[in-house]
Amino acid sequence: MSGQRRRGSTAKSREPKPQQNDGSLATVEVQAESFRLMREARASQVVDDYVELIADLIDNIGEARAVDIAARLGVTMPTVNNKLKRLKDDGLISQQPYRSIFLTKKGRRLAEASRERHRVVEVFLLSLGVSPETARNDAEGMEHYASEETLAAFTKFTNDRE
């Protein structure tokens, strides 16, 4: 009977039940949407990190150079150059050979939105008693995955405690 379906078995009967908050499996649609959102967040994470870092470098030392980006992200120059080409193609930066990197208005808006998400998550974690270093490090990853609804709840929670 190997490779054959058991008599009476149908795809419908194998459908999971809707998830309750008891650890049961979510419906196919709910689970697929959750994974789609995570893939989307992962894809935008690198872009957000680059534009946020470029903004930080410009704001703090007056310029952003590929070599500084590579050093601060701990990646190679070819990796940075490939990503900068994509950011330029996406209209987020402007760049000329052997010159500093500049954010476009669109890139600056994205960097500021990323900074704000990071700030909201970090303040929330600090309000829970997480140490400043851990809150900063954890916020760096969490900021990309938190929904607008969750960020609003974090903000409300921290504002209510003030």
# chains A, B, ... in the order shown; residues from 1 in each chain; ligands from 1

call {"tool": "residues_around", "arguments": {"residues": "range 37-40 of chain A", "least_positions_apart": "5", "cutoff": "9 Å", "atoms": "only C-alpha atoms", "output": "MDAnalysis selection string"}}
result
chainID A and resid 32 45 145

call {"tool": "residues_around", "arguments": {"residues": "range 149-160 of chain A", "least_positions_apart": "6", "cutoff": "7 Å", "atoms": "only C-alpha atoms", "output": "PDB file with all heavy atoms, in the first residue's frame"}}
result
ATOM      1  N   VAL A 120      11.067  52.809  18.457  1.00  0.00           N
ATOM      2  CA  VAL A 120       9.856  52.327  19.135  1.00  0.00           C
ATOM      3  C   VAL A 120      10.111  50.978  19.792  1.00  0.00           C
ATOM      4  O   VAL A 120       9.766  50.770  20.964  1.00  0.00           O
ATOM      5  CB  VAL A 120       8.672  52.246  18.141  1.00  0.00           C
ATOM      6  CG1 VAL A 120       7.513  51.444  18.717  1.00  0.00           C
ATOM      7  CG2 VAL A 120       8.210  53.643  17.740  1.00  0.00           C
ATOM      8  N   VAL A 121      10.736  50.063  19.064  1.00  0.00           N
ATOM      9  CA  VAL A 121      11.001  48.724  19.615  1.00  0.00           C
ATOM     10  C   VAL A 121      11.997  48.826  20.774  1.00  0.00           C
ATOM     11  O   VAL A 121      11.801  48.206  21.829  1.00  0.00           O
ATOM     12  CB  VAL A 121      11.511  47.757  18.528  1.00  0.00           C
ATOM     13  CG1 VAL A 121      11.954  46.426  19.140  1.00  0.00           C
ATOM     14  CG2 VAL A 121      10.434  47.530  17.472  1.00  0.00           C
ATOM     15  N   PHE A 124      10.326  50.249  23.874  1.00  0.00           N
ATOM     16  CA  PHE A 124       9.437  49.230  24.438  1.00  0.00           C
ATOM     17  C   PHE A 124      10.235  48.210  25.245  1.00  0.00           C
ATOM     18  O   PHE A 124       9.889  47.889  26.389  1.00  0.00           O
ATOM     19  CB  PHE A 124       8.649  48.542  23.319  1.00  0.00           C
ATOM     20  CG  PHE A 124       7.826  47.387  23.785  1.00  0.00           C
ATOM     21  CD1 PHE A 124       6.667  47.585  24.522  1.00  0.00           C
ATOM     22  CD2 PHE A 124       8.198  46.083  23.491  1.00  0.00           C
ATOM     23  CE1 PHE A 124       5.896  46.515  24.963  1.00  0.00           C
ATOM     24  CE2 PHE A 124       7.438  45.013  23.922  1.00  0.00           C
ATOM     25  CZ  PHE A 124       6.285  45.220  24.660  1.00  0.00           C
ATOM     26  N   SER A 127      11.429  49.601  28.448  1.00  0.00           N
ATOM     27  CA  SER A 127      10.346  49.742  29.431  1.00  0.00           C
ATOM     28  C   SER A 127      10.014  48.417  30.104  1.00  0.00           C
ATOM     29  O   SER A 127       9.444  48.406  31.192  1.00  0.00           O
ATOM     30  CB  SER A 127       9.096  50.340  28.780  1.00  0.00           C
ATOM     31  OG  SER A 127       8.460  49.396  27.948  1.00  0.00           O
TER      32      SER A 127
END

call {"tool": "atom_distance", "arguments": {"atom1": "CA of Lys85 in chain A", "atom2": "CA of Ala64 in chain A"}}
result
14.7 Å

call {"tool": "select_by_dssp", "arguments": {"residues": "range 54-144 of chain A", "states": "strand (DSSP E or B)", "output": "ChimeraX atom specification"}}
result
/A:93-95,101-103

call {"tool": "atom_distance", "arguments": {"atom1": "CA of Arg99 in chain A", "atom2": "CA of His118 in chain A"}}
result
28.9 Å

call {"tool": "residues_around", "arguments": {"residues": "Ala113 in chain A", "least_positions_apart": "5", "cutoff": "9 Å", "atoms": "only C-alpha atoms", "output": "number ranges by chain"}}
result
A: 48, 52, 108, 118

call {"tool": "atom_distance", "arguments": {"atom1": "CA of Leu92 in chain A", "atom2": "CA of Phe35 in chain A"}}
result
26.7 Å

call {"tool": "select_by_dssp", "arguments": {"residues": "chain A", "states": "alpha helix (DSSP H)", "output": "ChimeraX atom specification"}}
result
/A:28-61,66-73,77-89,105-127,132-142,148-161

call {"tool": "residues_around", "arguments": {"residues": "Lys106 in chain A", "least_positions_apart": "2", "cutoff": "9 Å", "atoms": "only C-alpha atoms", "output": "list in words"}}
result
Gly91, Leu92, Ile93, Leu103, Thr104, Arg108, Arg109, Leu110 and Ala111 of chain A

call {"tool": "closest_residue", "arguments": {"among": "A:Arg65, A:Arg72, A:Arg115, A:Arg36", "to": "Ser94 in chain A", "atoms": "only C-alpha atoms"}}
result
A:Arg65

call {"tool": "closest_residue", "arguments": {"among": "A:Ser44, A:Gln96, A:Asn81, A:Ser114", "to": "Asp56 in chain A", "atoms": "only C-alpha atoms"}}
result
A:Ser114
